[in-house]
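Shown below: model10.cif, with mmCIF, C-alpha atoms.
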data_protein
#
loop_
_atom_site.label_atom_id
_atom_site.label_comp_id
_atom_site.auth_asym_id
_atom_site.auth_seq_id
_atom_site.Cartn_x
_atom_site.Cartn_y
_atom_site.Cartn_z
CA ALA A 267 -35.98 -68.99 -54.02
CA THR A 268 -35.02 -66.97 -50.98
CA ILE A 269 -37.41 -64.19 -51.92
CA ARG A 270 -40.20 -66.68 -52.55
CA TRP A 271 -39.60 -68.32 -49.15
CA SER A 272 -39.61 -64.89 -47.45
CA ASN A 273 -42.91 -63.94 -49.05
CA ASN A 274 -44.46 -67.29 -48.15
CA GLN A 275 -43.22 -66.95 -44.59
CA LYS A 276 -44.69 -63.45 -44.41
CA GLU A 277 -48.02 -64.72 -45.74
CA GLU A 278 -47.98 -67.53 -43.16
CA ASP A 279 -47.30 -65.01 -40.38
CA ILE A 280 -50.17 -62.83 -41.57
CA THR A 281 -52.48 -65.88 -41.78
CA MET A 282 -51.49 -66.97 -38.27
CA LYS A 283 -52.08 -63.45 -36.92
CA ARG A 284 -55.50 -63.28 -38.60
CA SER A 285 -56.39 -66.73 -37.25
CA ALA A 286 -55.33 -65.74 -33.75
CA LYS A 287 -57.39 -62.56 -33.97
CA LEU A 288 -60.40 -64.54 -35.20
CA ILE A 289 -60.09 -66.96 -32.28
CA PHE A 290 -59.73 -64.03 -29.89
CA THR A 291 -62.83 -62.40 -31.38
CA ILE A 292 -64.84 -65.63 -30.97
CA ILE A 293 -63.74 -65.85 -27.33
CA ILE A 294 -64.75 -62.22 -26.75
CA ILE A 295 -68.17 -62.78 -28.34
CA ALA A 296 -68.69 -65.86 -26.16
CA PHE A 297 -67.69 -63.83 -23.12
CA LEU A 298 -70.03 -61.00 -24.09
CA THR A 299 -72.88 -63.44 -24.55
CA GLY A 300 -72.17 -64.96 -21.16
CA CYS A 301 -72.12 -61.52 -19.54
CA THR A 302 -75.74 -61.01 -20.48
CA THR A 303 -76.86 -63.61 -17.96
CA VAL A 304 -78.28 -62.15 -14.77
CA GLY A 305 -75.87 -62.74 -11.92
CA ALA A 306 -72.79 -63.04 -14.15
CA ALA A 307 -71.39 -59.89 -12.51
CA SER A 308 -72.44 -57.78 -9.57
CA SER A 309 -72.61 -54.64 -11.70
CA TRP A 310 -70.69 -52.45 -14.14
CA PRO A 311 -71.00 -49.16 -12.30
CA ALA A 312 -70.18 -45.74 -13.69
CA TYR A 313 -70.37 -42.24 -12.28
CA THR A 314 -72.15 -39.49 -14.19
CA THR A 315 -71.71 -36.01 -12.82
CA THR A 316 -72.80 -32.40 -12.95
CA GLU A 317 -70.78 -29.68 -11.24
CA GLN A 318 -72.35 -30.36 -7.85
CA THR A 319 -73.99 -33.78 -7.98
CA GLY A 320 -72.90 -37.20 -9.18
CA TYR A 321 -75.17 -40.10 -10.05
CA TYR A 322 -74.10 -43.69 -9.59
CA ALA A 323 -75.90 -46.89 -10.61
CA TYR A 324 -74.79 -50.02 -8.80
CA GLY A 325 -76.57 -53.31 -8.20
CA SER A 326 -80.19 -52.65 -7.19
CA HIS A 327 -79.85 -48.92 -6.53
CA ILE A 328 -79.26 -45.55 -8.13
CA TYR A 329 -77.45 -43.07 -5.88
CA ALA A 330 -77.14 -39.29 -5.95
CA LEU A 331 -74.01 -38.04 -4.17
CA GLU A 332 -72.77 -34.59 -3.28
CA ASN A 333 -69.50 -34.18 -5.16
CA LYS A 334 -67.71 -32.03 -2.61
CA ASN A 335 -67.96 -34.56 0.23
CA GLY A 336 -69.62 -37.76 -1.04
CA ASN A 337 -72.72 -37.35 1.10
CA LEU A 338 -75.70 -39.37 -0.03
CA LEU A 339 -78.48 -37.08 -1.26
CA TRP A 340 -80.93 -39.79 -2.26
CA GLN A 341 -81.15 -43.37 -3.46
CA PHE A 342 -83.68 -45.16 -5.63
CA PRO A 343 -85.46 -47.34 -4.78
CA LYS A 344 -85.61 -46.97 -1.02
CA GLU A 345 -85.53 -50.75 -0.58
CA ALA A 346 -83.54 -53.00 -2.88
CA ASP A 347 -85.50 -54.95 -5.46
CA ARG A 348 -83.32 -57.94 -6.35
CA ALA A 349 -85.26 -58.43 -9.56
CA ARG A 350 -83.90 -55.08 -10.80
CA GLN A 351 -80.18 -54.72 -11.42
CA TYR A 352 -78.63 -51.60 -12.94
CA TYR A 353 -75.74 -52.04 -15.34
CA ALA A 354 -76.13 -48.95 -17.52
CA PRO A 355 -74.59 -45.68 -16.28
CA PRO A 356 -77.14 -42.93 -15.54
CA ALA A 357 -77.94 -40.41 -18.25
CA ILE A 358 -78.57 -36.96 -16.77
CA ASP A 359 -79.56 -33.40 -17.51
CA ASP A 360 -80.78 -30.56 -15.29
CA GLU A 361 -84.16 -32.24 -14.71
CA LEU A 362 -83.89 -35.99 -15.30
CA VAL A 363 -81.84 -39.01 -14.35
CA VAL A 364 -82.60 -41.84 -16.78
CA VAL A 365 -81.36 -45.39 -16.17
CA GLY A 366 -82.21 -48.71 -17.77
CA ASP A 367 -82.12 -51.90 -15.74
CA TYR A 368 -81.09 -55.45 -16.48
CA THR A 369 -84.63 -56.62 -17.07
CA ASP A 370 -86.47 -54.40 -19.55
CA THR A 371 -87.35 -51.15 -17.80
CA LEU A 372 -86.13 -47.63 -18.50
CA THR A 373 -86.76 -45.37 -15.50
CA ALA A 374 -86.73 -41.59 -15.28
CA LEU A 375 -86.18 -39.91 -11.91
CA ASP A 376 -86.32 -36.33 -10.76
CA ALA A 377 -82.66 -35.28 -10.65
CA GLY A 378 -83.12 -33.27 -7.47
CA THR A 379 -85.20 -35.62 -5.35
CA GLY A 380 -84.91 -39.11 -6.84
CA THR A 381 -88.70 -39.34 -7.19
CA LYS A 382 -89.76 -41.62 -10.01
CA LYS A 383 -91.39 -39.74 -12.87
CA TRP A 384 -92.08 -42.65 -15.24
CA ASP A 385 -91.15 -46.13 -16.44
CA PHE A 386 -90.85 -47.14 -20.09
CA ILE A 387 -91.56 -50.87 -20.32
CA SER A 388 -91.83 -51.60 -24.06
CA ALA A 389 -88.35 -53.12 -24.39
CA LYS A 390 -87.97 -56.88 -24.25
CA ASP A 391 -84.42 -57.24 -22.92
CA ARG A 392 -81.59 -55.61 -20.94
CA TYR A 393 -80.29 -52.06 -20.91
CA ILE A 394 -76.51 -52.22 -20.87
CA ALA A 395 -75.67 -48.90 -22.53
CA PRO A 396 -76.64 -45.51 -21.11
CA ALA A 397 -79.30 -43.45 -22.84
CA LEU A 398 -78.77 -40.10 -24.53
CA ILE A 399 -80.92 -37.22 -23.25
CA THR A 400 -81.57 -34.19 -25.46
CA ASP A 401 -84.01 -31.31 -25.27
CA ARG A 402 -86.24 -33.19 -27.71
CA ALA A 403 -86.18 -36.79 -26.54
CA ILE A 404 -84.39 -39.68 -24.85
CA TYR A 405 -82.65 -42.25 -27.04
CA ALA A 406 -82.19 -45.61 -25.33
CA PRO A 407 -80.47 -48.65 -26.94
CA ASN A 408 -81.52 -52.08 -25.73
CA THR A 409 -80.15 -55.59 -26.21
CA ASP A 410 -83.47 -56.60 -27.83
CA HIS A 411 -81.92 -55.03 -31.00
CA TYR A 412 -84.04 -51.85 -30.80
CA LEU A 413 -83.07 -48.24 -30.33
CA TYR A 414 -86.01 -46.52 -28.61
CA ALA A 415 -86.73 -42.82 -28.86
CA VAL A 416 -89.15 -41.64 -26.17
CA ASP A 417 -90.32 -38.17 -25.29
CA ARG A 418 -89.47 -36.56 -21.95
CA SER A 419 -92.71 -37.94 -20.52
CA GLY A 420 -91.76 -41.52 -21.36
CA SER A 421 -94.00 -42.07 -24.40
CA LEU A 422 -92.58 -43.87 -27.43
CA LEU A 423 -91.86 -41.61 -30.41
CA TRP A 424 -90.11 -44.08 -32.72
CA LYS A 425 -87.88 -47.13 -32.70
CA PHE A 426 -85.41 -48.84 -35.00
CA LYS A 427 -84.43 -52.50 -35.09
CA ALA A 428 -80.78 -53.31 -35.69
CA GLY A 429 -79.47 -56.73 -36.62
CA GLY A 430 -77.99 -57.42 -33.19
CA PRO A 431 -77.89 -56.29 -29.55
CA ASN A 432 -77.05 -52.67 -28.76
CA TRP A 433 -74.35 -52.08 -26.14
CA THR A 434 -73.26 -48.53 -26.96
CA ARG A 435 -74.47 -45.07 -25.99
CA PRO A 436 -75.86 -42.90 -28.80
CA VAL A 437 -74.16 -39.59 -29.59
CA SER A 438 -75.43 -36.49 -31.34
CA ASP A 439 -74.08 -33.44 -33.12
CA GLY A 440 -77.45 -31.69 -32.93
CA GLU A 441 -78.33 -32.76 -36.47
CA LEU A 442 -78.23 -36.56 -36.22
CA ILE A 443 -78.49 -39.26 -33.57
CA ILE A 444 -75.68 -41.78 -34.14
CA TYR A 445 -75.11 -45.13 -32.47
CA ALA A 446 -73.17 -48.34 -33.04
CA SER A 447 -74.47 -51.89 -32.73
CA MET A 448 -73.06 -55.35 -32.19
CA ASP A 449 -74.45 -56.12 -35.66
CA HIS A 450 -71.26 -54.43 -37.01
CA HIS A 451 -73.00 -51.25 -38.14
CA VAL A 452 -72.98 -47.59 -37.20
CA TYR A 453 -76.34 -45.89 -37.80
CA ALA A 454 -77.48 -42.28 -38.06
CA PHE A 455 -81.05 -41.03 -37.53
CA LEU A 456 -82.95 -37.79 -37.46
CA PRO A 457 -83.85 -36.65 -33.94
CA GLU A 458 -87.53 -36.52 -34.94
CA TYR A 459 -89.69 -38.12 -37.62
CA ALA A 460 -93.05 -37.05 -39.00
CA LEU A 461 -95.74 -39.60 -38.24
CA GLU A 462 -96.40 -40.26 -41.95
CA SER A 463 -92.75 -41.21 -42.50
CA LEU A 464 -92.91 -44.01 -39.91
CA SER A 465 -93.90 -47.60 -40.70
CA MET A 466 -96.49 -49.71 -38.96
CA ASP A 467 -95.21 -51.84 -36.09
CA ASP A 468 -96.55 -55.32 -35.25
CA ASP A 469 -98.93 -53.84 -32.68
CA GLY A 470 -100.47 -51.53 -35.29
CA SER A 471 -98.79 -48.35 -34.08
CA ARG A 472 -96.95 -46.15 -36.56
CA THR A 473 -93.64 -45.98 -34.69
CA LEU A 474 -91.07 -47.89 -36.76
CA VAL A 475 -88.13 -46.32 -38.55
CA THR A 476 -87.09 -48.74 -41.29
CA ASN A 477 -84.17 -46.87 -42.86
CA ALA A 478 -81.36 -44.95 -41.21
CA GLU A 479 -80.13 -41.68 -42.69
CA TRP A 480 -76.86 -43.50 -43.27
CA THR A 481 -75.39 -46.86 -42.30
CA THR A 482 -71.73 -47.90 -42.22
CA ASP A 483 -70.63 -51.52 -41.88
CA LEU A 484 -67.42 -51.82 -39.83
CA GLY A 485 -67.24 -55.57 -40.34
CA VAL A 486 -67.27 -56.73 -36.71
CA ALA A 487 -69.16 -56.16 -33.46
CA ILE A 488 -68.95 -52.83 -31.63
CA VAL A 489 -69.21 -52.60 -27.84
CA ALA A 490 -67.29 -49.34 -27.26
CA ASP A 491 -69.23 -46.09 -27.07
CA PRO A 492 -68.52 -43.88 -30.07
CA ILE A 493 -67.61 -40.24 -29.60
CA ILE A 494 -68.38 -37.33 -31.89
CA TYR A 495 -66.25 -34.23 -32.31
CA ASP A 496 -65.87 -31.56 -34.98
CA GLY A 497 -68.00 -33.38 -37.54
CA LYS A 498 -66.31 -36.75 -37.06
CA VAL A 499 -67.37 -39.97 -35.32
CA TYR A 500 -64.67 -42.12 -33.69
CA VAL A 501 -65.51 -45.73 -32.90
CA GLY A 502 -63.52 -48.89 -32.18
CA THR A 503 -64.43 -52.54 -32.79
CA ILE A 504 -63.75 -55.75 -30.89
CA ASN A 505 -61.38 -56.64 -33.74
CA GLY A 506 -59.09 -53.76 -32.75
CA ASP A 507 -59.85 -51.33 -35.57
CA LEU A 508 -60.36 -47.65 -34.77
CA PHE A 509 -62.50 -45.83 -37.34
CA CYS A 510 -62.91 -42.15 -38.03
CA LEU A 511 -66.18 -41.54 -39.90
CA ASP A 512 -67.68 -38.42 -41.43
CA ALA A 513 -70.68 -37.62 -39.20
CA ALA A 514 -72.63 -36.22 -42.15
CA ASP A 515 -72.62 -39.33 -44.34
CA GLY A 516 -70.83 -42.13 -42.45
CA LYS A 517 -67.98 -42.44 -44.96
CA THR A 518 -64.68 -43.68 -43.57
CA ILE A 519 -62.04 -40.95 -43.32
CA TRP A 520 -59.30 -43.16 -41.86
CA THR A 521 -58.69 -46.32 -39.84
CA PHE A 522 -55.97 -47.33 -37.39
CA ASN A 523 -54.95 -50.71 -35.96
CA ASP A 524 -51.13 -50.49 -35.79
CA ASN A 525 -50.68 -53.13 -38.49
CA GLY A 526 -52.93 -55.57 -36.63
CA ASN A 527 -51.27 -55.14 -33.24
CA VAL A 528 -54.33 -53.56 -31.57
CA ASN A 529 -56.72 -56.08 -30.07
CA SER A 530 -60.30 -55.61 -28.90
CA ILE A 531 -61.41 -52.01 -28.23
CA TRP A 532 -63.83 -51.74 -25.33
CA SER A 533 -63.68 -48.06 -24.43
CA SER A 534 -64.40 -44.72 -26.05
#
Encoding of this model in structure tokens:
Amino acid sequence: ATIRWSNNQKEEDITMKRSAKLIFTIIIIAFLTGCTTVGAASSWPAYTTTEQTGYYAYGSHIYALENKNGNLLWQFPKEADRARQYYAPPAIDDELVVVGDYTDTLTALDAGTGTKKWDFISAKDRYIAPALITDRAIYAPNTDHYLYAVDRSGSLLWKFKAGGPNWTRPVSDGELIIYASMDHHVYAFLPEYALESLSMDDDGSRTLVTNAEWTTDLGVAIVADPIIYDGKVYVGTINGDLFCLDAADGKTIWTFNDNGNVNSIWSS
């Protein structure tokens, strides 16, 4: 009888812990949904840097600062446009600074001067995550459920529709583009697709990727940027589970949650 009571008590403790985690997850999701309302926060700034120059997106402006002394090199736009708020950290390379705003516009600037090179305006919702810039293209996740791949001139190459908003930055190992979505899944794509392999979009253009190279369901929403290293993808969920996935096929190598003691994971 004592053993039976102990097991029942243990099961009750586990049930209570799971219930508490479920309630916590619901609260987090409600909070996340509320955060997507314009004006809910002033900004979520982040600093992206090269050896000499750092780029900072805050409120209505993007700033370029000299790292050695903090001097302002340029800002974009010259005058604040209150209709445009930047929440996503800048993505940078030697030539471009790419930032999405809280309406639906992805903007590319000259990294040296801050001069606008182009706007990509096909998205229908907010850019919260930073883009990934490669030599081939720019991969930009949007909360309208799409991942957009555009060329370095701002023209759409392909797009993929997930089952939920996208809050995380894509990563790449040079072979695949990998990103995680709030629809619980981690997806992997080729950097480029032949035109004949793409499906027809609603507007008649052949730009739609319908199947990822691999997909892994982590069971709960993902808002933390994944990282990739040595053939493995590491990504945490808002349920507190840290996953290590094989970058080649998405299979789970191991998970960690300290026996349920880890709560929501928000960071890389």
What would the selection look like, as a list of chain:residue names, if the PyMOL selection byres ((chain A and resi 437-441) around 10) were run on the coordinates I just shared?
A:Ala397, A:Leu398, A:Ile399, A:Thr400, A:Tyr405, A:Thr434, A:Arg435, A:Pro436, A:Leu442, A:Ile443, A:Ile444, A:Tyr445, A:Ala446, A:Ala454, A:Phe455, A:Leu456, A:Pro457, A:Asp491, A:Pro492, A:Ile493, A:Ile494, A:Tyr495, A:Asp496, A:Gly497, A:Lys498, A:Val499, A:Ala513, A:Ala514
Selected residue, from A:Leu484, A:Glu458, A:Lys427, A:Asp524, that lies nearest to A:Cys510 when counting all atoms listed in the file:
A:Leu484
Please indicate the distance in Å from atom CA of A:Leu474 to atom CA of A:Val501, rounded to one decimal place.
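Spanning atom CA of A:Leu474 to atom CA of A:Val501 is a straight-line distance of 25.9 Å.
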Take the point (-73.6, -38.5, -12.3) in the file's coordinates, draw a sphere of radius 7 Å around it, and report as a list in words every protein, DNA or RNA residue with an atom inside or on it, counting all atoms listed in the file.
Tyr313, Thr314, Thr315, Thr316, Thr319, Gly320, Tyr321, Tyr322, Pro356 and Ile358 of chain A
Could you please determine the separation between atom CA of A:Ala346 and atom CA of A:Leu422 in Å, to one decimal place?
27.7 Å
As an exercise, work out the distance from atom CA of A:Asp385 to atom CA of A:Arg418 in Å and give it to one decimal place.
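Separation between atom CA of A:Asp385 and atom CA of A:Arg418: 11.2 Å.
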Pull out every residue that the PyMOL selection byres ((chain A and resi 369) around 9) matches in the shown coordinates and put them as a count of residues only.
15
Given the file shown, enumerate the residues that the PyMOL selection byres ((chain A and resi 415) around 7) captures and present them as a PyMOL selection string.
chain A and resi 403-406+413-414+416-417+422-425
Neighbour residues at most 8 Å from (-85.2, -39.7, -6.4) (all atoms listed in the file) as a short mmCIF file (atom, residue, chain, number, x, y, z; two decimals) with C-alpha atoms, in the coordinates of the input:
data_model
loop_
_atom_site.label_atom_id
_atom_site.label_comp_id
_atom_site.auth_asym_id
_atom_site.auth_seq_id
_atom_site.Cartn_x
_atom_site.Cartn_y
_atom_site.Cartn_z
CA TRP A 340 -80.93 -39.79 -2.26
CA GLN A 341 -81.15 -43.37 -3.46
CA PHE A 342 -83.68 -45.16 -5.63
CA PRO A 343 -85.46 -47.34 -4.78
CA LEU A 375 -86.18 -39.91 -11.91
CA ASP A 376 -86.32 -36.33 -10.76
CA ALA A 377 -82.66 -35.28 -10.65
CA GLY A 378 -83.12 -33.27 -7.47
CA THR A 379 -85.20 -35.62 -5.35
CA GLY A 380 -84.91 -39.11 -6.84
CA THR A 381 -88.70 -39.34 -7.19
CA LYS A 382 -89.76 -41.62 -10.01
#
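Checking A:Ala330, A:Ile394, A:Ala460, A:Leu372 one by one against A:Arg472, counting all atoms listed in the file, you find the shortest gap at A:Ala460.
Among the candidates A:Asp512, A:His451, A:Arg402, A:Tyr500, the one nearest to A:Ile531 when counting only C-alpha atoms is A:Tyr500.
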With only C-alpha atoms as the basis for distance, which of A:Asp467, A:Asp449, A:Asp347, A:Glu317 is at the shortest distance from A:Ile504?
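Among the listed residues, the smallest separation from A:Ile504 belongs to A:Asp449.
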Generate all heavy atoms for stretch 448-459 of chain A and emit them as a short mmCIF file (atom, residue, chain, number, x, y, z; two decimals), keeping the file's coordinate frame.
data_model
loop_
_atom_site.label_atom_id
_atom_site.label_comp_id
_atom_site.auth_asym_id
_atom_site.auth_seq_id
_atom_site.Cartn_x
_atom_site.Cartn_y
_atom_site.Cartn_z
N MET A 448 -73.83 -54.11 -32.07
CA MET A 448 -73.06 -55.35 -32.19
C MET A 448 -73.31 -56.06 -33.51
O MET A 448 -72.67 -57.08 -33.81
CB MET A 448 -73.38 -56.28 -31.01
CG MET A 448 -72.78 -55.80 -29.70
SD MET A 448 -73.11 -56.92 -28.32
CE MET A 448 -72.04 -58.30 -28.74
N ASP A 449 -74.23 -55.55 -34.32
CA ASP A 449 -74.45 -56.12 -35.66
C ASP A 449 -73.44 -55.61 -36.68
O ASP A 449 -73.62 -55.80 -37.88
CB ASP A 449 -75.89 -55.86 -36.13
CG ASP A 449 -76.12 -54.40 -36.52
OD1 ASP A 449 -75.22 -53.56 -36.35
OD2 ASP A 449 -77.23 -54.08 -36.99
N HIS A 450 -72.38 -54.92 -36.20
CA HIS A 450 -71.26 -54.43 -37.01
C HIS A 450 -71.49 -53.05 -37.61
O HIS A 450 -70.58 -52.50 -38.23
CB HIS A 450 -70.91 -55.37 -38.18
CG HIS A 450 -70.68 -56.79 -37.80
ND1 HIS A 450 -70.39 -57.78 -38.72
CD2 HIS A 450 -70.69 -57.42 -36.59
CE1 HIS A 450 -70.24 -58.94 -38.12
NE2 HIS A 450 -70.43 -58.75 -36.80
N HIS A 451 -72.66 -52.48 -37.44
CA HIS A 451 -73.00 -51.25 -38.14
C HIS A 451 -73.05 -50.03 -37.22
O HIS A 451 -73.36 -50.14 -36.03
CB HIS A 451 -74.36 -51.38 -38.83
CG HIS A 451 -74.37 -52.37 -39.96
ND1 HIS A 451 -74.52 -53.73 -39.75
CD2 HIS A 451 -74.22 -52.20 -41.30
CE1 HIS A 451 -74.48 -54.35 -40.92
NE2 HIS A 451 -74.29 -53.45 -41.86
N VAL A 452 -72.73 -48.89 -37.81
CA VAL A 452 -72.98 -47.59 -37.20
C VAL A 452 -74.15 -46.96 -37.95
O VAL A 452 -74.16 -46.97 -39.19
CB VAL A 452 -71.74 -46.68 -37.26
CG1 VAL A 452 -72.01 -45.34 -36.58
CG2 VAL A 452 -70.54 -47.36 -36.62
N TYR A 453 -75.13 -46.43 -37.20
CA TYR A 453 -76.34 -45.89 -37.80
C TYR A 453 -76.51 -44.41 -37.43
O TYR A 453 -76.10 -43.98 -36.35
CB TYR A 453 -77.58 -46.63 -37.27
CG TYR A 453 -77.63 -48.10 -37.59
CD1 TYR A 453 -77.20 -49.05 -36.66
CD2 TYR A 453 -78.14 -48.55 -38.80
CE1 TYR A 453 -77.28 -50.41 -36.93
CE2 TYR A 453 -78.22 -49.92 -39.08
CZ TYR A 453 -77.79 -50.84 -38.15
OH TYR A 453 -77.86 -52.18 -38.43
N ALA A 454 -77.14 -43.68 -38.33
CA ALA A 454 -77.48 -42.28 -38.06
C ALA A 454 -78.96 -42.06 -38.34
O ALA A 454 -79.52 -42.56 -39.33
CB ALA A 454 -76.65 -41.35 -38.93
N PHE A 455 -79.61 -41.29 -37.43
CA PHE A 455 -81.05 -41.03 -37.53
C PHE A 455 -81.32 -39.55 -37.32
O PHE A 455 -80.53 -38.83 -36.69
CB PHE A 455 -81.82 -41.84 -36.47
CG PHE A 455 -81.61 -43.30 -36.57
CD1 PHE A 455 -80.61 -43.93 -35.83
CD2 PHE A 455 -82.38 -44.08 -37.41
CE1 PHE A 455 -80.39 -45.29 -35.93
CE2 PHE A 455 -82.18 -45.44 -37.52
CZ PHE A 455 -81.18 -46.05 -36.78
N LEU A 456 -82.46 -39.12 -37.80
CA LEU A 456 -82.95 -37.79 -37.46
C LEU A 456 -83.43 -37.80 -36.01
O LEU A 456 -83.92 -38.82 -35.53
CB LEU A 456 -84.09 -37.38 -38.39
CG LEU A 456 -83.75 -37.26 -39.88
CD1 LEU A 456 -85.02 -36.94 -40.67
CD2 LEU A 456 -82.69 -36.19 -40.12
N PRO A 457 -83.33 -36.68 -35.31
CA PRO A 457 -83.85 -36.65 -33.94
C PRO A 457 -85.36 -36.88 -33.88
O PRO A 457 -85.87 -37.50 -32.95
CB PRO A 457 -83.50 -35.25 -33.45
CG PRO A 457 -82.34 -34.84 -34.30
CD PRO A 457 -82.60 -35.45 -35.64
N GLU A 458 -86.06 -36.41 -34.90
CA GLU A 458 -87.53 -36.52 -34.94
C GLU A 458 -87.97 -36.99 -36.32
O GLU A 458 -87.30 -36.70 -37.32
CB GLU A 458 -88.18 -35.18 -34.63
CG GLU A 458 -87.88 -34.64 -33.24
CD GLU A 458 -88.50 -33.28 -33.03
OE1 GLU A 458 -88.03 -32.31 -33.65
OE2 GLU A 458 -89.46 -33.19 -32.25
N TYR A 459 -89.10 -37.67 -36.36
CA TYR A 459 -89.69 -38.12 -37.62
C TYR A 459 -91.17 -37.75 -37.66
O TYR A 459 -91.87 -37.88 -36.65
CB TYR A 459 -89.54 -39.63 -37.79
CG TYR A 459 -88.12 -40.08 -38.06
CD1 TYR A 459 -87.27 -40.41 -37.01
CD2 TYR A 459 -87.63 -40.15 -39.36
CE1 TYR A 459 -85.96 -40.81 -37.26
CE2 TYR A 459 -86.32 -40.55 -39.61
CZ TYR A 459 -85.49 -40.87 -38.56
OH TYR A 459 -84.20 -41.25 -38.80
#
